[in-house]
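**Q** Got start_11.cif for you, mmCIF, C-alpha atoms:
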```cif
data_my_file
loop_
_atom_site.label_atom_id
_atom_site.label_comp_id
_atom_site.auth_asym_id
_atom_site.auth_seq_id
_atom_site.Cartn_x
_atom_site.Cartn_y
_atom_site.Cartn_z
CA MET A 193 0.00 0.00 0.00
CA ARG A 194 1.26 3.49 -0.82
CA GLY A 195 0.05 6.33 1.35
CA PRO A 196 -2.96 6.59 3.73
CA ILE A 197 -6.42 5.28 3.04
CA TRP A 198 -8.78 8.15 2.26
CA GLN A 199 -10.70 9.61 5.16
CA ASP A 200 -13.70 11.94 5.40
CA LEU A 201 -14.47 12.25 1.71
CA PRO A 202 -16.91 15.18 1.50
CA VAL A 203 -19.97 14.89 -0.69
CA THR A 204 -19.79 17.87 -3.04
CA GLY A 205 -22.68 20.24 -2.48
CA ALA A 206 -23.68 18.69 0.84
CA ALA A 207 -24.48 20.90 3.78
CA PRO A 208 -21.76 20.99 6.47
CA ASP A 209 -23.71 18.72 8.82
CA THR A 210 -24.73 16.10 6.26
CA ALA A 211 -23.17 12.70 5.71
CA ARG A 212 -19.77 12.25 4.13
CA ALA A 213 -19.21 9.85 1.29
CA ARG A 214 -18.43 6.35 2.50
CA LEU A 215 -15.43 4.32 1.38
CA GLU A 216 -15.48 0.56 0.80
CA VAL A 217 -12.10 -1.09 0.28
CA CYS A 218 -11.58 -4.51 -1.28
CA VAL A 219 -8.92 -6.68 0.37
CA ASP A 220 -7.74 -10.28 0.13
CA SER A 221 -5.35 -10.53 3.07
CA ALA A 222 -5.09 -9.76 6.77
CA ALA A 223 -2.36 -7.20 6.10
CA GLY A 224 -4.51 -5.45 3.51
CA ALA A 225 -7.47 -5.46 5.87
CA ARG A 226 -5.43 -3.92 8.69
CA ALA A 227 -4.20 -1.16 6.39
CA ALA A 228 -7.67 -0.50 4.98
CA ALA A 229 -9.25 -0.41 8.43
CA LEU A 230 -7.32 2.80 9.15
CA GLY A 231 -9.84 4.76 7.07
CA ALA A 232 -12.34 2.49 5.33
CA ASP A 233 -15.98 2.41 6.36
CA ARG A 234 -16.42 -1.14 5.11
CA LEU A 235 -14.29 -3.99 3.77
CA GLU A 236 -15.11 -6.25 0.87
CA LEU A 237 -13.23 -9.46 1.66
CA CYS A 238 -12.21 -11.75 -1.21
CA ALA A 239 -9.68 -14.36 -2.11
CA ARG A 240 -7.55 -13.96 -5.23
CA LEU A 241 -8.08 -10.39 -6.29
CA GLU A 242 -5.99 -11.09 -9.41
CA VAL A 243 -8.99 -12.98 -10.86
CA GLY A 244 -11.55 -10.45 -9.69
CA GLY A 245 -12.17 -11.95 -6.26
CA LEU A 246 -13.46 -15.29 -4.99
CA THR A 247 -15.11 -16.50 -1.80
CA PRO A 248 -12.62 -15.84 1.04
CA GLU A 249 -11.14 -18.45 3.33
CA THR A 250 -13.19 -18.99 6.47
CA ASP A 251 -10.22 -18.47 8.82
CA LEU A 252 -9.51 -15.02 7.41
CA LEU A 253 -13.16 -14.00 7.53
CA ARG A 254 -13.42 -15.23 11.11
CA SER A 255 -10.34 -13.32 12.22
CA LEU A 256 -11.55 -10.05 10.68
CA THR A 257 -15.07 -10.29 12.04
CA ASP A 258 -13.70 -11.21 15.47
CA GLU A 259 -11.63 -8.01 15.44
CA GLY A 260 -14.82 -6.07 14.73
CA THR A 261 -12.98 -2.92 13.64
CA VAL A 262 -14.84 -2.41 10.35
CA PRO A 263 -17.92 -4.18 8.89
CA VAL A 264 -16.91 -6.96 6.51
CA PHE A 265 -18.86 -7.94 3.38
CA ALA A 266 -17.87 -11.36 2.06
CA MET A 267 -17.55 -12.13 -1.64
CA ILE A 268 -19.63 -15.14 -2.70
CA ARG A 269 -18.06 -16.43 -5.91
CA PRO A 270 -17.02 -20.08 -6.17
CA ARG A 271 -14.67 -19.87 -9.17
CA PRO A 272 -13.03 -17.49 -11.65
CA GLY A 273 -14.56 -16.83 -15.03
CA ASP A 274 -18.12 -15.94 -15.91
CA PHE A 275 -21.08 -15.46 -13.58
CA VAL A 276 -23.28 -18.17 -15.09
CA TYR A 277 -23.74 -20.76 -12.36
CA SER A 278 -24.92 -24.36 -12.46
CA PRO A 279 -27.34 -25.73 -9.85
CA LYS A 280 -24.38 -27.35 -8.10
CA GLU A 281 -22.50 -24.05 -8.00
CA LEU A 282 -25.55 -22.21 -6.68
CA ALA A 283 -25.82 -24.79 -3.89
CA ALA A 284 -22.16 -24.17 -3.05
CA MET A 285 -22.83 -20.43 -2.98
CA GLU A 286 -25.74 -20.98 -0.60
CA ALA A 287 -23.42 -22.94 1.69
CA SER A 288 -20.90 -20.09 1.52
CA ILE A 289 -23.64 -17.63 2.45
CA ASP A 290 -24.52 -19.75 5.49
CA ALA A 291 -20.87 -19.88 6.52
CA ALA A 292 -20.38 -16.13 6.05
CA ARG A 293 -23.39 -15.38 8.22
CA ASP A 294 -22.21 -17.79 10.93
CA LEU A 295 -18.78 -16.15 10.89
CA GLY A 296 -20.25 -12.68 11.42
CA ALA A 297 -20.14 -11.14 7.96
CA ALA A 298 -22.09 -7.87 7.85
CA GLY A 299 -23.13 -8.41 4.22
CA LEU A 300 -22.50 -10.28 0.99
CA VAL A 301 -21.21 -9.47 -2.49
CA LEU A 302 -22.37 -11.56 -5.46
CA GLY A 303 -23.76 -11.52 -8.98
CA THR A 304 -25.55 -13.89 -11.37
CA LEU A 305 -25.95 -13.76 -15.14
CA HIS A 306 -27.51 -15.78 -17.96
CA PRO A 307 -25.27 -17.08 -20.78
CA ASP A 308 -26.42 -14.16 -22.98
CA GLY A 309 -25.07 -11.69 -20.40
CA SER A 310 -28.45 -10.66 -19.00
CA LEU A 311 -29.18 -10.69 -15.28
CA ASP A 312 -30.27 -14.07 -13.90
CA ALA A 313 -33.06 -12.91 -11.62
CA ALA A 314 -34.12 -16.42 -10.56
CA ALA A 315 -30.63 -17.36 -9.36
CA LEU A 316 -30.24 -13.99 -7.67
CA GLU A 317 -33.58 -14.32 -5.88
CA ARG A 318 -32.55 -17.78 -4.66
CA LEU A 319 -29.33 -16.40 -3.16
CA LEU A 320 -31.12 -13.41 -1.64
CA ARG A 321 -33.54 -15.77 0.10
CA ARG A 322 -30.56 -17.60 1.55
CA ALA A 323 -29.03 -14.29 2.64
CA ASP A 324 -32.14 -13.88 4.79
CA GLY A 325 -31.85 -10.16 5.44
CA LEU A 326 -28.09 -9.69 5.17
CA PRO A 327 -27.49 -6.73 2.83
CA VAL A 328 -26.31 -7.81 -0.61
CA THR A 329 -24.16 -5.93 -3.10
CA PHE A 330 -24.52 -6.93 -6.75
CA HIS A 331 -20.95 -6.73 -8.03
CA ARG A 332 -19.37 -5.80 -11.35
CA ALA A 333 -21.01 -8.67 -13.17
CA PHE A 334 -23.40 -5.79 -13.86
CA ASP A 335 -20.89 -4.16 -16.20
CA GLY A 336 -21.58 -5.23 -19.75
CA ILE A 337 -25.29 -5.98 -19.23
CA HIS A 338 -26.97 -4.72 -22.39
CA ARG A 339 -30.02 -3.20 -20.70
CA PRO A 340 -28.65 -1.76 -17.47
CA PHE A 341 -31.77 0.15 -16.43
CA GLU A 342 -33.98 -2.91 -16.83
CA ALA A 343 -31.46 -4.84 -14.74
CA LEU A 344 -31.46 -2.07 -12.14
CA GLU A 345 -35.25 -2.36 -11.87
CA VAL A 346 -34.85 -6.07 -11.11
CA LEU A 347 -32.29 -5.31 -8.40
CA LEU A 348 -34.67 -2.79 -6.88
CA GLU A 349 -37.60 -5.19 -6.99
CA LEU A 350 -35.60 -7.97 -5.35
CA GLY A 351 -34.29 -5.74 -2.56
CA VAL A 352 -30.59 -5.64 -3.41
CA ALA A 353 -28.90 -3.06 -1.17
CA ARG A 354 -26.01 -1.93 -3.39
CA LEU A 355 -24.74 -2.05 -6.92
CA LEU A 356 -20.99 -1.98 -7.55
CA THR A 357 -20.29 -0.85 -11.11
CA SER A 358 -17.83 1.07 -13.25
CA GLY A 359 -20.71 2.36 -15.38
CA ASP A 360 -19.65 -0.08 -18.10
CA GLY A 361 -16.37 1.76 -18.56
CA PRO A 362 -12.86 0.36 -18.16
CA ARG A 363 -12.74 2.58 -15.07
CA ALA A 364 -15.45 4.36 -13.14
CA TRP A 365 -14.23 7.75 -14.37
CA GLU A 366 -14.89 6.76 -17.98
CA GLY A 367 -18.30 5.41 -16.96
CA ARG A 368 -19.31 8.47 -14.94
CA ASP A 369 -22.17 9.52 -17.23
CA LEU A 370 -23.93 6.16 -16.93
CA LEU A 371 -23.10 6.06 -13.22
CA ARG A 372 -24.84 9.41 -12.73
CA ARG A 373 -27.94 8.14 -14.51
CA LEU A 374 -27.95 4.94 -12.45
CA VAL A 375 -27.59 6.92 -9.22
CA GLU A 376 -30.55 9.09 -10.23
CA ALA A 377 -32.68 6.07 -11.23
CA ALA A 378 -31.92 4.18 -8.02
CA GLY A 379 -32.80 7.10 -5.77
CA GLU A 380 -32.71 6.29 -2.08
CA GLU A 381 -33.75 2.65 -2.51
CA LEU A 382 -30.39 1.28 -3.64
CA VAL A 383 -26.83 2.59 -3.33
CA VAL A 384 -24.99 2.78 -6.66
CA MET A 385 -21.31 2.54 -5.74
CA PRO A 386 -18.71 3.52 -8.36
CA GLY A 387 -15.80 1.09 -8.53
CA GLY A 388 -13.00 0.31 -10.92
CA GLY A 389 -9.78 2.30 -11.07
CA VAL A 390 -10.97 4.76 -8.41
CA ARG A 391 -8.07 6.71 -6.95
CA GLN A 392 -7.66 9.57 -4.50
CA ASP A 393 -6.48 12.00 -7.16
CA HIS A 394 -9.90 12.07 -8.84
CA VAL A 395 -12.36 10.60 -6.35
CA LEU A 396 -13.89 13.95 -5.36
CA GLU A 397 -14.51 14.85 -8.99
CA LEU A 398 -16.02 11.39 -9.53
CA LEU A 399 -18.39 11.89 -6.59
CA ALA A 400 -19.38 15.30 -7.90
CA ALA A 401 -19.94 13.99 -11.43
CA THR A 402 -22.07 11.01 -10.37
CA GLY A 403 -23.84 12.11 -7.20
CA ALA A 404 -22.74 8.85 -5.56
CA ARG A 405 -22.64 8.66 -1.78
CA GLU A 406 -20.37 5.62 -1.55
CA VAL A 407 -17.25 4.65 -3.49
CA HIS A 408 -15.21 1.45 -3.84
CA SER A 409 -11.49 0.95 -4.28
CA SER A 410 -8.74 -1.55 -3.50
CA VAL A 411 -6.18 -1.32 -0.73
CA VAL A 412 -3.33 -0.71 -3.20
CA LEU A 413 -3.59 2.98 -4.03
CA ASP A 414 -1.47 5.08 -6.37
CA LEU A 415 -1.44 8.46 -4.69
CA THR A 416 0.90 10.22 -7.13
CA PRO A 417 -0.81 13.57 -7.85
CA THR A 418 -2.14 13.70 -11.38
CA SER A 419 -5.05 15.22 -13.21
CA PRO A 420 -8.24 13.14 -13.38
CA PRO A 421 -8.21 10.70 -16.29
CA ARG A 422 -10.06 12.25 -19.19
#
```
Reformat the file's structure so that it appears as structure tokens.
**A**
Amino acid sequence: MRGPIWQDLPVTGAAPDTARARLEVCVDSAAGARAAALGADRLELCARLEVGGLTPETDLLRSLTDEGTVPVFAMIRPRPGDFVYSPKELAAMEASIDAARDLGAAGLVLGTLHPDGSLDAAALERLLRRADGLPVTFHRAFDGIHRPFEALEVLLELGVARLLTSGDGPRAWEGRDLLRRLVEAAGEELVVMPGGGVRQDHVLELLAATGAREVHSSVVLDLTPTSPPR
């Protein structure tokens, strides 16, 4: 990690007494979690970030939830690759949800798609039932969905708490126009959380451009001052 984790990110245009933007940091190790906990509001815990994140090891999840410093959301993803899951894989994901709840996870991160890239609402509803009230973030499987606003309506109807997305851009900055529209469409019912290449040198401009009230990054931050990517 290079430099401090961001703290007290102001929401542009907010009154002095209103809420600050919240920072979620994705980690895949105890060392990363300890560093992130210095300023993060929430951790997304994964294994193998180099493949986009998988279900974390139970020992690591237990140790972080036992510390209780920062709420931990557990990734539920049984393998690398696409987000099209067989019945056997969905059963494994349900078991992982049970384990995450028993280990004290504050929430879950998951996503389900059909082979054509559309949202698999039936599989998602099944996993939400198993979550049984734990808040769920639909992750960046959302990026690339051809009809994002139809998919957003499904997430709203099913009671998903958050959507992590780059706005279908290679990075959230490039996707800021779609992110702004998703934030507006979701209103107060669902948190649209920009993620993907988010860095301190442009995060305030990203928040201003999208109206987002939460933002997602990884624990490895490049804090070299630069202009926002254009």
**Q** Specify as number ranges by chain each residue included when the PyMOL selection byres ((chain A and resi 353) around 8) is applied to this file.
**A** A: 327-329, 351-352, 354-355, 381-383
**Q** Applied to the shown file, which residues does the PyMOL selection byres ((chain A and resi 302-316) around 10) return, written as a PyMOL selection string?
**A** chain A and resi 246-247+266-269+274-279+282+285+300-301+317-322+328-340+342-344+346-347+350+352+355-356
**Q** Residue by residue, what does the PyMOL selection byres ((chain A and resi 373) around 10) grab here? Present the result as a PDB file with C-alpha atoms, keeping the file's coordinate frame.
**A**
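Final file, selection28.pdb:
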```
ATOM      1  CA  PHE A 341     -31.770   0.150 -16.430  1.00  0.00           C
ATOM      2  CA  GLY A 359     -20.710   2.360 -15.380  1.00  0.00           C
ATOM      3  CA  ARG A 368     -19.310   8.470 -14.940  1.00  0.00           C
ATOM      4  CA  ASP A 369     -22.170   9.520 -17.230  1.00  0.00           C
ATOM      5  CA  LEU A 370     -23.930   6.160 -16.930  1.00  0.00           C
ATOM      6  CA  LEU A 371     -23.100   6.060 -13.220  1.00  0.00           C
ATOM      7  CA  ARG A 372     -24.840   9.410 -12.730  1.00  0.00           C
ATOM      8  CA  LEU A 374     -27.950   4.940 -12.450  1.00  0.00           C
ATOM      9  CA  VAL A 375     -27.590   6.920  -9.220  1.00  0.00           C
ATOM     10  CA  GLU A 376     -30.550   9.090 -10.230  1.00  0.00           C
ATOM     11  CA  ALA A 377     -32.680   6.070 -11.230  1.00  0.00           C
ATOM     12  CA  ALA A 378     -31.920   4.180  -8.020  1.00  0.00           C
ATOM     13  CA  VAL A 384     -24.990   2.780  -6.660  1.00  0.00           C
ATOM     14  CA  THR A 402     -22.070  11.010 -10.370  1.00  0.00           C
ATOM     15  CA  GLY A 403     -23.840  12.110  -7.200  1.00  0.00           C
TER      16      GLY A 403
END
```
**Q** I'd like to know which of A:His394, A:Ser255, A:Cys218, A:Arg226 is closest to Ala239 of chain A, using only C-alpha atoms.
**A**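 Selected residue with least distance to Ala239 of chain A: A:Cys218.
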**Q** For a test of reading the model, state the distance in Å between atom CA of Gly387 of chain A and atom CA of Leu348 of chain A, rounded to one decimal.
**A**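 Between atom CA of Gly387 of chain A and atom CA of Leu348 of chain A the gap works out to 19.3 Å.
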**Q** At what distance in Å, to one decimal, does atom CA of Arg214 of chain A lie from atom CA of Glu286 of chain A?
**A**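 Distance between the two atoms: 28.5 Å.
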**Q** Using all atoms listed in the file, pick whichever of A:Asp290, A:Asp360, A:Glu345, A:Asp220 has the shortest atom-to-atom distance to Leu252 of chain A.
**A**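 Closest to Leu252 of chain A, using all atoms listed in the file: A:Asp220.
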**Q** Considering only C-alpha atoms, state which residue in the set A:Lys280, A:Arg293, A:His408, A:Arg212 is at the smallest distance from Gln392 of chain A.
**A** A:His408
**Q** Counting only C-alpha atoms, which residue out of A:Ala298, A:Ala228, A:Ala283, A:Leu215 sits closest to Leu399 of chain A?
**A**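 Going through A:Ala298, A:Ala228, A:Ala283, A:Leu215 one by one, the smallest distance to Leu399 of chain A is for A:Leu215.
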**Q** In the coordinate frame of the file, compute which residues have an atom within 12 Å of (-15.8, -21.0, 13.5) when using all atoms listed in the file, and state them as a compact mmCIF listing (two decimals) with C-alpha atoms, in the frame of the given file.
**A**
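Below you can see point-v9.txt, which holds the result:
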```
# COMPACT_ATOMS: atom_id res chain seq x y z
CA GLU A 249 -11.14 -18.45 3.33
CA THR A 250 -13.19 -18.99 6.47
CA ASP A 251 -10.22 -18.47 8.82
CA LEU A 252 -9.51 -15.02 7.41
CA LEU A 253 -13.16 -14.00 7.53
CA ARG A 254 -13.42 -15.23 11.11
CA SER A 255 -10.34 -13.32 12.22
CA THR A 257 -15.07 -10.29 12.04
CA ASP A 258 -13.70 -11.21 15.47
CA ASP A 290 -24.52 -19.75 5.49
CA ALA A 291 -20.87 -19.88 6.52
CA ALA A 292 -20.38 -16.13 6.05
CA ARG A 293 -23.39 -15.38 8.22
CA ASP A 294 -22.21 -17.79 10.93
CA LEU A 295 -18.78 -16.15 10.89
CA GLY A 296 -20.25 -12.68 11.42
```
**Q** What gap, in Å, lies between atom CA of Leu398 of chain A and atom CA of Ala229 of chain A?
**A**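 For atom CA of Leu398 of chain A relative to atom CA of Ala229 of chain A, the distance reads 22.5 Å.
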**Q** Which is closer to Ala401 of chain A than all the others in A:Glu216, A:Glu366, A:Glu349, A:Glu281, using only C-alpha atoms?
**A**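 Counting only C-alpha atoms, the residue closest to Ala401 of chain A is A:Glu366.
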**Q** Which residue, A:Asp324, A:Pro272, A:Val390, A:Gly299, has the smallest gap to Gly244 of chain A when you use all atoms listed in the file?
**A** A:Pro272
